$ cat query12.txt   # compact mmCIF, C-alpha atoms and all ligand atoms
# COMPACT_ATOMS: atom_id res chain seq x y z
CA MET A 160 127.94 124.38 121.51
CA ARG A 161 125.27 124.27 118.81
CA ARG A 162 121.70 123.53 119.88
CA TYR A 163 119.19 121.79 117.60
CA ARG A 164 115.45 121.27 117.79
CA ILE A 165 114.53 117.82 116.55
CA GLY A 166 110.89 116.78 116.08
CA VAL A 167 110.05 113.19 117.08
CA LEU A 168 106.97 111.62 115.48
CA GLU A 169 106.57 107.99 116.52
CA GLY A 170 103.77 107.09 114.10
CA ASP A 171 101.97 103.75 113.73
CA GLY A 172 102.65 100.04 114.15
CA ILE A 173 106.23 99.43 115.26
CA GLY A 174 106.93 103.21 115.34
CA PRO A 175 106.62 103.59 119.13
CA GLU A 176 108.95 100.57 119.52
CA VAL A 177 111.76 101.65 117.16
CA VAL A 178 111.77 105.46 117.39
CA PRO A 179 112.75 105.80 121.11
CA PRO A 180 115.91 103.67 120.65
CA ALA A 181 117.06 106.15 117.97
CA VAL A 182 116.71 109.01 120.45
CA ASP A 183 118.50 106.95 123.15
CA ALA A 184 121.44 106.27 120.82
CA VAL A 185 121.86 110.00 120.14
CA GLU A 186 121.61 110.85 123.83
CA ALA A 187 124.35 108.31 124.61
CA ALA A 188 126.57 109.67 121.82
CA ARG A 189 126.01 113.28 122.91
CA ALA A 190 127.07 112.43 126.44
CA VAL A 191 130.28 110.80 125.22
CA VAL A 192 131.41 113.38 122.65
CA GLY A 193 130.13 116.43 124.56
CA GLY A 194 127.45 117.72 122.20
CA PRO A 195 125.57 118.91 120.35
CA ALA A 196 122.72 120.14 122.56
CA ILE A 197 119.36 118.81 121.39
CA ASP A 198 115.82 119.80 122.32
CA TRP A 199 113.64 116.82 121.44
CA VAL A 200 110.13 117.87 120.42
CA PRO A 201 107.62 114.99 120.62
CA LEU A 202 104.76 115.56 118.17
CA PRO A 203 101.57 113.63 117.44
CA MET A 204 101.27 111.96 114.01
CA GLY A 205 99.47 108.94 112.61
CA LEU A 206 96.53 106.96 113.93
CA THR A 207 97.00 108.07 117.55
CA ALA A 208 96.90 111.69 116.43
CA TYR A 209 93.79 110.95 114.38
CA GLU A 210 92.01 109.40 117.37
CA ARG A 211 92.95 112.27 119.70
CA GLU A 212 92.91 115.27 117.37
CA GLY A 213 90.97 114.18 114.29
CA SER A 214 93.93 114.30 111.92
CA THR A 215 96.83 112.00 111.07
CA LEU A 216 98.95 115.13 110.69
CA PRO A 217 97.58 117.91 112.94
CA ALA A 218 98.26 121.50 111.83
CA ALA A 219 100.01 122.11 115.19
CA THR A 220 102.46 119.32 114.40
CA VAL A 221 103.37 120.89 111.05
CA ALA A 222 103.66 124.33 112.70
CA ALA A 223 106.00 122.91 115.35
CA LEU A 224 108.12 121.22 112.67
CA GLU A 225 108.61 124.61 111.04
CA THR A 226 110.60 125.62 114.13
CA CYS A 227 112.81 122.49 114.00
CA ASP A 228 116.21 121.86 112.42
CA GLY A 229 115.21 118.33 111.48
CA PHE A 230 112.88 115.55 112.49
CA LEU A 231 112.56 111.82 112.95
CA LEU A 232 109.46 110.32 111.37
CA GLY A 233 108.25 106.87 112.39
CA PRO A 234 106.31 104.67 109.95
CA VAL A 235 102.65 105.07 109.05
CA SER A 236 99.99 102.40 108.47
CA HIS A 237 98.89 104.13 105.33
CA HIS A 238 96.94 101.13 104.00
CA THR A 239 94.38 101.74 106.78
CA TYR A 240 93.90 105.46 105.97
CA ALA A 241 90.68 106.29 104.11
CA VAL A 242 91.09 107.53 100.52
CA GLY A 243 90.19 111.14 99.71
CA ARG A 244 89.96 112.31 103.34
CA PRO A 245 92.32 115.24 103.98
CA GLU A 246 92.26 114.50 107.73
CA MET A 247 93.70 111.06 106.90
CA ALA A 248 96.41 112.27 104.54
CA ASN A 249 99.63 110.28 104.42
CA PRO A 250 101.94 112.23 106.79
CA SER A 251 105.03 110.93 105.05
CA GLY A 252 104.15 112.17 101.55
CA THR A 253 102.60 115.36 102.89
CA LEU A 254 105.70 116.30 104.88
CA ARG A 255 108.04 115.51 102.00
CA LYS A 256 106.14 117.96 99.83
CA ARG A 257 105.44 120.53 102.55
CA PHE A 258 109.15 120.86 103.40
CA ASP A 259 110.32 120.24 99.82
CA LEU A 260 112.41 117.26 100.92
CA TYR A 261 113.42 116.55 97.36
CA ALA A 262 116.08 113.86 97.83
CA ASN A 263 115.34 110.56 99.51
CA VAL A 264 118.75 109.07 100.24
CA ARG A 265 118.67 105.32 100.86
CA PRO A 266 122.01 103.59 101.43
CA ALA A 267 122.39 99.81 101.30
CA ARG A 268 125.67 98.26 102.39
CA SER A 269 126.93 94.88 103.47
CA PHE A 270 127.29 94.54 107.25
CA ALA A 271 130.08 92.42 108.70
CA GLY A 272 128.34 89.63 110.61
CA VAL A 273 125.18 89.49 108.47
CA LYS A 274 125.21 86.49 106.18
CA THR A 275 123.73 87.17 102.74
CA ARG A 276 124.56 85.99 99.22
CA TYR A 277 126.61 89.15 98.66
CA THR A 278 129.65 90.87 100.12
CA GLY A 279 131.01 94.30 99.36
CA VAL A 280 127.70 95.99 98.59
CA ASP A 281 128.01 99.73 99.19
CA LEU A 282 125.45 101.67 97.18
CA VAL A 283 123.01 104.53 97.66
CA VAL A 284 119.65 104.93 95.96
CA VAL A 285 118.91 108.64 95.44
CA ARG A 286 115.21 108.85 94.81
CA GLU A 287 113.38 111.94 93.53
CA ASN A 288 110.95 112.54 96.36
CA THR A 289 108.43 115.19 95.36
CA GLU A 290 106.82 114.19 92.05
CA GLY A 291 106.69 111.22 89.63
CA PHE A 292 103.72 108.95 90.27
CA TYR A 293 103.49 110.26 93.85
CA ALA A 294 102.75 113.84 92.80
CA ASP A 295 99.44 115.33 93.82
CA ARG A 296 99.52 118.48 91.76
CA ASN A 297 96.21 119.44 90.12
CA VAL A 298 94.58 116.12 90.86
CA LEU A 299 92.14 114.75 93.38
CA ASP A 300 92.68 112.26 96.17
CA GLY A 301 96.41 112.78 96.54
CA ASN A 302 99.18 110.67 95.04
CA GLY A 303 98.32 111.92 91.57
CA GLU A 304 95.30 109.66 91.18
CA PHE A 305 91.75 110.45 90.22
CA ARG A 306 88.65 108.54 89.23
CA PRO A 307 86.68 110.03 86.33
CA ASP A 308 84.07 107.29 86.69
CA ALA A 309 83.48 104.25 88.87
CA ASP A 310 85.35 101.91 86.52
CA THR A 311 88.36 104.05 85.69
CA VAL A 312 91.32 105.39 87.64
CA ILE A 313 93.92 107.64 86.09
CA SER A 314 97.31 107.90 87.77
CA VAL A 315 99.20 111.02 86.76
CA ARG A 316 102.98 111.12 86.71
CA VAL A 317 104.72 114.47 86.91
CA VAL A 318 108.32 114.98 85.75
CA THR A 319 109.78 118.48 85.73
CA ARG A 320 113.13 119.81 84.59
CA LYS A 321 113.60 121.58 87.93
CA ALA A 322 113.13 118.46 90.08
CA SER A 323 115.07 116.18 87.69
CA ARG A 324 118.03 118.54 87.55
CA ARG A 325 117.98 119.01 91.31
CA ILE A 326 118.00 115.28 92.07
CA ALA A 327 120.74 114.67 89.47
CA GLU A 328 122.82 117.44 91.11
CA TYR A 329 122.36 115.76 94.48
CA ALA A 330 123.39 112.35 93.10
CA PHE A 331 126.55 113.60 91.38
CA ALA A 332 127.64 115.68 94.36
CA LEU A 333 127.14 112.62 96.57
CA ALA A 334 129.10 110.37 94.19
CA ALA A 335 131.97 112.87 94.13
CA GLU A 336 131.97 113.07 97.94
CA ARG A 337 131.88 109.28 98.31
CA ALA A 338 134.73 108.96 95.80
CA ARG A 339 136.87 111.34 97.84
CA ALA A 340 136.07 109.50 101.08
CA ARG A 341 136.73 106.04 99.58
CA GLY A 342 139.69 106.93 97.37
CA ARG A 343 138.12 105.45 94.24
CA GLN A 344 136.23 106.68 91.21
CA GLY A 345 132.60 107.64 91.75
CA ARG A 346 129.80 106.40 89.54
CA VAL A 347 126.20 107.44 88.98
CA THR A 348 123.70 105.13 87.31
CA ALA A 349 120.47 106.77 86.15
CA VAL A 350 117.60 104.25 86.18
CA HIS A 351 114.60 104.95 83.94
CA LYS A 352 112.02 103.51 81.55
CA GLN A 353 112.62 105.87 78.67
CA ASN A 354 111.83 103.24 76.04
CA VAL A 355 108.16 103.48 77.12
CA LEU A 356 107.85 106.69 79.14
CA LYS A 357 109.62 108.57 76.37
CA LEU A 358 108.75 112.13 77.33
CA GLY A 359 108.91 111.95 81.14
CA ASP A 360 111.97 109.75 81.45
CA GLY A 361 113.44 111.43 78.38
CA LEU A 362 113.39 114.72 80.29
CA PHE A 363 114.75 113.04 83.42
CA LEU A 364 117.66 111.53 81.44
CA ASP A 365 118.42 114.80 79.63
CA CYS A 366 118.85 116.45 83.02
CA CYS A 367 121.08 113.63 84.29
CA ARG A 368 123.27 113.89 81.17
CA GLU A 369 123.52 117.66 81.51
CA VAL A 370 124.65 117.40 85.12
CA ALA A 371 127.01 114.49 84.26
CA SER A 372 128.86 116.75 81.80
CA ARG A 373 129.80 118.97 84.76
CA TYR A 374 131.26 116.03 86.72
CA PRO A 375 133.84 114.52 84.33
CA GLU A 376 135.52 112.77 87.27
CA VAL A 377 132.34 110.77 88.01
CA ALA A 378 131.50 107.84 85.70
CA PHE A 379 127.96 107.90 84.37
CA ASP A 380 125.76 105.23 82.87
CA THR A 381 122.06 104.52 82.44
CA ALA A 382 119.85 101.42 82.69
CA HIS A 383 116.24 100.54 81.98
CA VAL A 384 114.51 99.84 85.29
CA ASP A 385 113.41 96.31 84.34
CA ALA A 386 116.92 95.21 83.36
CA PHE A 387 118.36 97.10 86.31
CA ALA A 388 116.17 95.17 88.76
CA MET A 389 117.95 92.06 87.45
CA PHE A 390 121.46 93.59 87.41
CA LEU A 391 120.96 94.61 91.02
CA VAL A 392 120.50 91.02 92.18
CA GLN A 393 123.24 89.75 89.85
CA ARG A 394 126.00 92.19 90.83
CA PRO A 395 124.97 94.73 93.45
CA GLU A 396 128.60 95.34 94.41
CA ALA A 397 129.14 96.99 91.00
CA TYR A 398 126.93 99.98 91.81
CA ASP A 399 127.70 103.21 93.64
CA VAL A 400 125.03 105.95 93.40
CA ILE A 401 121.74 105.15 91.68
CA VAL A 402 119.54 108.10 90.75
CA THR A 403 115.95 107.55 89.76
CA THR A 404 112.38 108.79 89.85
CA ASN A 405 110.03 108.43 92.81
CA LEU A 406 108.26 105.09 92.29
CA PHE A 407 111.28 103.27 90.84
CA GLY A 408 113.40 104.52 93.75
CA ASP A 409 110.83 103.33 96.27
CA VAL A 410 110.84 99.81 94.81
CA LEU A 411 114.56 99.47 94.07
CA SER A 412 115.59 100.64 97.55
CA ASP A 413 113.56 97.85 99.18
CA GLU A 414 115.20 95.42 96.75
CA ALA A 415 118.61 96.79 97.71
CA ALA A 416 117.72 96.43 101.42
CA GLY A 417 116.84 92.79 100.79
CA LEU A 418 120.31 92.14 99.40
CA VAL A 419 122.09 93.23 102.58
CA GLY A 420 119.93 91.86 105.38
CA GLY A 421 116.43 93.29 105.04
CA LEU A 422 114.32 96.27 106.00
CA GLY A 423 115.38 96.10 109.65
CA LEU A 424 118.79 97.42 108.55
CA ALA A 425 117.68 99.97 105.91
CA PRO A 426 117.87 103.66 106.87
CA SER A 427 116.96 106.74 104.87
CA LEU A 428 117.11 110.50 105.01
CA ASN A 429 114.78 112.90 103.20
CA VAL A 430 116.81 115.99 102.41
CA GLY A 431 115.66 119.53 101.60
CA ALA A 432 117.54 122.80 101.32
CA ASP A 433 117.05 123.77 104.98
CA ILE A 434 115.68 120.78 106.84
CA ALA A 435 115.92 116.99 106.71
CA MET A 436 113.65 114.16 107.87
CA ALA A 437 115.04 110.85 109.11
CA GLN A 438 112.76 107.94 108.22
CA ALA A 439 113.55 104.24 108.02
CA VAL A 440 112.79 102.62 104.65
CA HIS A 441 110.40 100.15 106.27
CA GLY A 442 106.71 100.61 106.98
CA SER A 443 104.69 100.04 110.15
CA ALA A 444 105.19 96.23 110.01
CA PRO A 445 101.68 95.34 111.25
CA ASP A 446 102.61 91.64 111.30
CA ILE A 447 105.04 92.17 114.21
CA ALA A 448 103.78 95.44 115.75
CA GLY A 449 103.32 95.40 119.53
CA ARG A 450 105.47 92.29 120.03
CA GLY A 451 108.70 94.07 120.93
CA ILE A 452 110.74 92.21 118.30
CA ALA A 453 111.19 94.83 115.54
CA ASN A 454 114.76 95.63 114.63
CA PRO A 455 115.51 99.23 115.73
CA VAL A 456 118.69 99.50 113.64
CA ALA A 457 117.01 101.06 110.56
CA GLU A 458 115.54 103.83 112.70
CA ILE A 459 118.78 104.34 114.66
CA LEU A 460 120.79 104.63 111.43
CA SER A 461 118.22 107.02 109.93
CA MET A 462 118.66 109.28 112.95
CA GLN A 463 122.42 108.86 112.56
CA MET A 464 122.12 110.12 108.96
CA LEU A 465 120.20 113.17 110.20
CA LEU A 466 122.90 113.92 112.76
CA ALA A 467 125.61 113.59 110.09
CA TRP A 468 123.60 115.92 107.81
CA LEU A 469 123.30 118.51 110.60
CA GLY A 470 127.04 118.21 111.18
CA GLN A 471 127.78 118.85 107.51
CA ARG A 472 125.24 121.62 107.08
CA HIS A 473 126.31 123.54 110.17
CA ASP A 474 129.97 122.56 110.06
CA ASP A 475 129.47 121.11 113.53
CA ASP A 476 132.21 118.74 114.67
CA ALA A 477 130.21 117.53 117.67
CA ALA A 478 127.27 116.43 115.52
CA ARG A 479 129.66 114.73 113.09
CA ALA A 480 131.46 112.98 115.95
CA ALA A 481 128.21 111.83 117.56
CA ALA A 482 127.02 110.47 114.20
CA ALA A 483 130.30 108.61 113.65
CA ARG A 484 130.06 107.16 117.14
CA ILE A 485 126.59 105.76 116.50
CA ALA A 486 127.60 104.30 113.12
CA GLY A 487 130.58 102.56 114.70
CA ALA A 488 128.50 101.24 117.59
CA VAL A 489 125.84 99.77 115.28
CA ASP A 490 128.50 98.11 113.11
CA ARG A 491 130.07 96.60 116.20
CA VAL A 492 126.82 95.26 117.64
CA ILE A 493 125.88 93.69 114.30
CA ALA A 494 129.36 92.27 113.68
CA GLU A 495 129.58 90.70 117.15
CA GLY A 496 126.16 89.14 116.61
CA ARG A 497 125.53 88.49 120.29
CA VAL A 498 122.22 90.39 120.26
CA ARG A 499 119.89 89.95 117.30
CA THR A 500 116.21 90.42 116.54
CA PRO A 501 114.36 87.61 114.71
CA ASP A 502 114.64 89.27 111.27
CA LEU A 503 118.40 88.59 111.51
CA GLY A 504 117.91 85.07 112.84
CA GLY A 505 118.14 85.95 116.53
CA ARG A 506 115.80 85.62 119.50
CA ASP A 507 116.40 88.98 121.11
CA ARG A 508 114.04 91.87 121.48
CA THR A 509 113.98 95.47 120.26
CA ALA A 510 114.97 96.67 123.74
CA ASP A 511 117.97 94.27 123.87
CA VAL A 512 119.38 95.62 120.60
CA ALA A 513 118.67 99.20 121.67
CA ARG A 514 120.54 98.61 124.94
CA ALA A 515 123.46 96.95 123.14
CA VAL A 516 123.81 99.94 120.80
CA VAL A 517 123.80 102.41 123.70
CA GLU A 518 126.43 100.32 125.52
CA ALA A 519 128.56 100.16 122.37
CA VAL A 520 128.26 103.93 121.87
CA ARG A 521 129.62 104.39 125.39
CA ALA A 522 132.36 101.79 124.98
CA CYS A 523 133.66 102.55 121.45
P1 LIG A 601 106.66 96.92 105.96
O1 LIG A 601 107.94 97.58 105.64
O2 LIG A 601 105.89 97.48 107.07
O3 LIG A 601 106.92 95.36 106.27
C1 LIG A 601 107.44 94.47 105.30
C2 LIG A 601 108.07 93.27 106.03
O4 LIG A 601 109.29 93.69 106.65
C3 LIG A 601 107.20 92.70 107.15
O5 LIG A 601 107.34 91.31 107.18
C4 LIG A 601 107.77 93.33 108.41
O6 LIG A 601 107.58 92.57 109.58
C5 LIG A 601 109.25 93.44 108.05
N1 LIG A 601 109.86 94.58 108.74
C6 LIG A 601 109.69 95.88 108.46
N2 LIG A 601 110.37 96.62 109.33
C7 LIG A 601 110.99 95.79 110.16
C8 LIG A 601 111.86 95.97 111.29
N3 LIG A 601 112.24 97.18 111.71
N4 LIG A 601 112.29 94.86 111.95
C9 LIG A 601 111.96 93.64 111.54
N5 LIG A 601 111.14 93.40 110.48
C10 LIG A 601 110.67 94.48 109.81
O7 LIG A 601 105.81 96.93 104.61
P2 LIG A 601 104.27 96.53 104.36
O8 LIG A 601 103.89 95.37 105.23
O9 LIG A 601 104.17 96.43 102.91
O10 LIG A 601 103.44 97.81 104.81
C11 LIG A 601 102.81 97.95 106.08
C12 LIG A 601 102.28 99.38 106.20
O11 LIG A 601 103.38 100.30 106.21
C13 LIG A 601 101.38 99.82 105.06
O12 LIG A 601 100.37 100.63 105.58
C14 LIG A 601 102.26 100.65 104.18
O13 LIG A 601 101.53 101.63 103.44
C15 LIG A 601 103.12 101.31 105.22
N6 LIG A 601 104.43 101.80 104.75
C16 LIG A 601 104.84 102.94 105.35
C17 LIG A 601 106.09 103.41 105.06
C18 LIG A 601 106.55 104.63 105.78
O14 LIG A 601 105.87 105.12 106.66
N7 LIG A 601 107.69 105.16 105.48
C19 LIG A 601 106.92 102.74 104.15
C20 LIG A 601 106.47 101.56 103.59
C21 LIG A 601 105.20 101.08 103.90
$ encode --input "query12.txt" --output "C-alpha cells"
Amino acid sequence: MRRYRIGVLEGDGIGPEVVPPAVDAVEAARAVVGGPAIDWVPLPMGLTAYEREGSTLPAATVAALETCDGFLLGPVSHHTYAVGRPEMANPSGTLRKRFDLYANVRPARSFAGVKTRYTGVDLVVVRENTEGFYADRNVLDGNGEFRPDADTVISVRVVTRKASRRIAEYAFALAAERARARGRQGRVTAVHKQNVLKLGDGLFLDCCREVASRYPEVAFDTAHVDAFAMFLVQRPEAYDVIVTTNLFGDVLSDEAAGLVGGLGLAPSLNVGADIAMAQAVHGSAPDIAGRGIANPVAEILSMQMLLAWLGQRHDDDAARAAAARIAGAVDRVIAEGRVRTPDLGGRDRTADVARAVVEAVRAC
C-alpha cells in the first residue's frame, strides 16, 4: 500500500473549522476502501503562526512541506497582513511560487439539490498561478507592486512564454481527458484582454494557439475577459475548460462559483510537477468565522481533488477509489438536502455537514 505525507495548514478565520472535516472525510474513505496510508503533518501557518513564531509562514513549515507529497492549505486573512513585511508574507502566494504550483484548477459544476438559475454547468477554470499581476519578480512589496513616491503605485504584470505555454498545455490535456471521460468533444476557451494588453495577452494567446494546433480533437476559441464575464452568466453550461491569466482566473472562478451555489461549494487544486496543494477558492470569511456555520464542502472537495491527483500521479487505485468515494458522498449529502449550512439556505452547522459526509462515505 502506498503511503503519503500530507501537510495540513489550517490558517485563519474559518480555516480551523473547515480543514479538519476534510481530513475526517479522507480518513473515513481510507477505512472503507483500504488505503492509501497517510501521515498527516500539521503545520503552523497564518496569524496563529505569526503570534507564536513571528512569521505567517515559518521556515520550518516550508521545510516540512518539502518532505510532503501534497498539502491542504486553509484560507488566510491576508487583508490584515502588513504590507512590505516579509514575516507577514501571504502564505498562499508564497507557497504557489515556492513549489512552482503553476496551474490553479477550479471546477464549477451544478449540484443536484442546489437551486440556482442554471442547470448543467460543468466547467473548469484553469488559472495561471505564478505570474501575471500577482508576480513578485524584481519588484518590492510582493505581488508585483511598488511605490516610487507617496502618490504613485505601479503594478507590474509578468507574462512569459514558458508559463503561458505550460498553462495552455495543462488546459488542453485536461479538456482531452474530460472529453474521454464524458464521451463528448472537449473545448478550451482562452480568456484575455488582448485588445488593450496587446503584448502580454498577445503572447499568452500565441501560446494557446500553438498548443491548440497539437490538439485538433479539442475545440478552441477565445474571448475578451469583459465580454466573457457576461457570457458566463448568460450561458455557463456552454463552457468546458477556460484557460486564463492569474488575476482574470481569480475573478472569473469566484463568478463561476456564484453560478452553482457559492463559495461554500467551490474547491480548487494548485498543481505543480511534483506536488499539489489543495485550497478552497474561498477566503477566511471573517464575517462568519468562529460561529461554526461555514460550509466545509469546498475544503472537503479540494482535499478530494488532491487525493485524485495523487491517485493519477502514482497510479494508485486506492487513492483514486478513496477520492471517488468522497465525491459520491458529498453529492449525496447535497442532493438529499437534509443537512445544510446557512449559505445553502439551511440551519445546520459545519460539524453537522462534516458528520453527514463521513456517514455517507461509510454508507455509499
Ligand atoms: P471570502 O471568500 O472570505 O468571503 C466572501 C463571502 O463568502 C463571505 O460572505 C463569506 O462568509 C462567504 N463564504 C466564504 N467561504 C464560505 C464557506 N466555506 N461557507 C459559507 N460561506 C462562505 O472573501 P473576502 O471576504 O473577500 O476575504 C476575506 C479574507 O480572505 C481576506 O483577507 C482575503 O484576502 C482573504 N482571501 C484568502 C483567500 C485564500 O486564502 N485562498 C482567498 C480569497 C480571499
$ closest_atom_pairs --input "query12.txt" --of "chain A" --to "ligand LIG 601 (chain A)" --cutoff "8 Å" --atoms "all atoms listed in the file" --output "CSV"
residue,atom,partner,partner_atom,distance
A:Gly170,CA,A:LIG601,O14,8.0
A:Gly172,CA,A:LIG601,O11,8.0
A:Ile173,CA,A:LIG601,N3,7.3
A:Val177,CA,A:LIG601,N3,7.1
A:Leu232,CA,A:LIG601,O14,7.9
A:Gly233,CA,A:LIG601,O14,6.4
A:Pro234,CA,A:LIG601,O14,3.3
A:Val235,CA,A:LIG601,O14,4.0
A:Ser236,CA,A:LIG601,O12,3.4
A:His237,CA,A:LIG601,O12,3.8
A:His238,CA,A:LIG601,O12,3.8
A:Thr239,CA,A:LIG601,O12,6.2
A:Ser251,CA,A:LIG601,O14,6.1
A:Gly421,CA,A:LIG601,O4,7.3
A:Leu422,CA,A:LIG601,N2,5.2
A:Gly423,CA,A:LIG601,C8,3.9
A:Leu424,CA,A:LIG601,N3,7.3
A:Gln438,CA,A:LIG601,N7,6.4
A:Ala439,CA,A:LIG601,N7,6.5
A:Val440,CA,A:LIG601,N7,5.8
A:His441,CA,A:LIG601,O1,3.6
A:Gly442,CA,A:LIG601,O2,3.2
A:Ser443,CA,A:LIG601,O11,4.2
A:Ala444,CA,A:LIG601,O2,3.3
A:Pro445,CA,A:LIG601,C11,5.9
A:Asp446,CA,A:LIG601,O6,5.3
A:Ile447,CA,A:LIG601,O6,5.3
A:Ala448,CA,A:LIG601,O6,7.8
A:Ile452,CA,A:LIG601,C9,7.0
A:Ala453,CA,A:LIG601,N4,3.8
A:Asn454,CA,A:LIG601,N4,3.7
A:Pro455,CA,A:LIG601,N3,5.6
A:Val456,CA,A:LIG601,N3,7.1
A:Ala457,CA,A:LIG601,N3,6.3
A:Glu458,CA,A:LIG601,N3,7.5
A:Thr500,CA,A:LIG601,C9,7.3
A:Pro501,CA,A:LIG601,C9,7.2
A:Asp502,CA,A:LIG601,C9,5.1
$ closest_residue --input "query12.txt" --among "A:Pro307, A:Gly345, A:Gly451, A:Leu282" --to "A:Arg508" --atoms "all atoms listed in the file"
A:Gly451
$ closest_residue --input "query12.txt" --among "A:Leu364, A:Ala184, A:Val285, A:Ala241" --to "A:Leu206" --atoms "all atoms listed in the file"
A:Ala241
$ residues_around --input "query12.txt" --residues "A:Gly166" --least-positions-apart "2" --cutoff "10 Å" --atoms "all atoms listed in the file" --output "VMD selection string"
chain A and resid 163 to 164 168 to 169 198 to 203 220 to 221 223 to 232 436
$ closest_residue --input "query12.txt" --among "A:Met247, A:Ala416, A:Val512, A:Ala386" --to "A:Thr207" --atoms "all atoms listed in the file"
A:Met247
$ residues_around --input "query12.txt" --residues "A:Ala262" --least-positions-apart "2" --cutoff "7 Å" --atoms "only C-alpha atoms" --output "PyMOL selection string"
chain A and resi 260+264+285-288+326+429-431
$ closest_atom_pairs --input "query12.txt" --of "stretch 310-350 of chain A" --to "stretch 391-399 of chain A" --cutoff "10 Å" --atoms "all atoms listed in the file" --output "Markdown table"
| residue | atom | partner | partner_atom | distance |
| --- | --- | --- | --- | --- |
| A:Leu333 | CA | A:Asp399 | CA | 9.9 |
| A:Ala334 | CA | A:Asp399 | CA | 7.3 |
| A:Arg337 | CA | A:Asp399 | CA | 8.7 |
| A:Ala338 | CA | A:Asp399 | CA | 9.3 |
| A:Gln344 | CA | A:Asp399 | CA | 9.5 |
| A:Gly345 | CA | A:Asp399 | CA | 6.9 |
| A:Arg346 | CA | A:Asp399 | CA | 5.6 |
| A:Val347 | CA | A:Asp399 | CA | 6.5 |
| A:Thr348 | CA | A:Tyr398 | CA | 7.6 |
$ write_last_selection --input "query12.txt" --atoms "C-alpha atoms" --output "PDB file, keeping the file's coordinate frame"
ATOM      1  CA  LEU A 333     127.140 112.620  96.570  1.00  0.00           C
ATOM      2  CA  ALA A 334     129.100 110.370  94.190  1.00  0.00           C
ATOM      3  CA  ARG A 337     131.880 109.280  98.310  1.00  0.00           C
ATOM      4  CA  ALA A 338     134.730 108.960  95.800  1.00  0.00           C
ATOM      5  CA  GLN A 344     136.230 106.680  91.210  1.00  0.00           C
ATOM      6  CA  GLY A 345     132.600 107.640  91.750  1.00  0.00           C
ATOM      7  CA  ARG A 346     129.800 106.400  89.540  1.00  0.00           C
ATOM      8  CA  VAL A 347     126.200 107.440  88.980  1.00  0.00           C
ATOM      9  CA  THR A 348     123.700 105.130  87.310  1.00  0.00           C
TER      10      THR A 348
END
$ residues_around --input "query12.txt" --residues "stretch 475-482 of chain A" --least-positions-apart "5" --cutoff "6 Å" --atoms "only C-alpha atoms" --output "PyMOL selection string"
chain A and resi 188-189+194-195+463+466-467+470
$ write_last_selection --input "query12.txt" --atoms "C-alpha atoms" --output "mmCIF file, keeping the file's coordinate frame"
data_model
loop_
_atom_site.group_PDB
_atom_site.id
_atom_site.type_symbol
_atom_site.label_atom_id
_atom_site.label_comp_id
_atom_site.auth_asym_id
_atom_site.auth_seq_id
_atom_site.Cartn_x
_atom_site.Cartn_y
_atom_site.Cartn_z
ATOM 1 C CA ALA A 188 126.570 109.670 121.820
ATOM 2 C CA ARG A 189 126.010 113.280 122.910
ATOM 3 C CA GLY A 194 127.450 117.720 122.200
ATOM 4 C CA PRO A 195 125.570 118.910 120.350
ATOM 5 C CA GLN A 463 122.420 108.860 112.560
ATOM 6 C CA LEU A 466 122.900 113.920 112.760
ATOM 7 C CA ALA A 467 125.610 113.590 110.090
ATOM 8 C CA GLY A 470 127.040 118.210 111.180
#
$ atom_distance --input "query12.txt" --atom1 "atom CA of A:Ala425" --atom2 "atom CA of A:Pro175"
17.6 Å
$ residues_around --input "query12.txt" --residues "A:Ala522" --least-positions-apart "4" --cutoff "10 Å" --atoms "all atoms listed in the file" --output "PyMOL selection string"
chain A and resi 191+484+488+516-518
$ residues_near_point --input "query12.txt" --point "(123.7, 94.0, 103.3)" --cutoff "6 Å" --atoms "all atoms listed in the file" --output "tab-separated table (two decimals) with C-alpha atoms, keeping the file's coordinate frame"
chain	number	residue	atom	x	y	z
A	268	ARG	CA	125.67	98.26	102.39
A	269	SER	CA	126.93	94.88	103.47
A	270	PHE	CA	127.29	94.54	107.25
A	418	LEU	CA	120.31	92.14	99.40
A	419	VAL	CA	122.09	93.23	102.58
A	420	GLY	CA	119.93	91.86	105.38
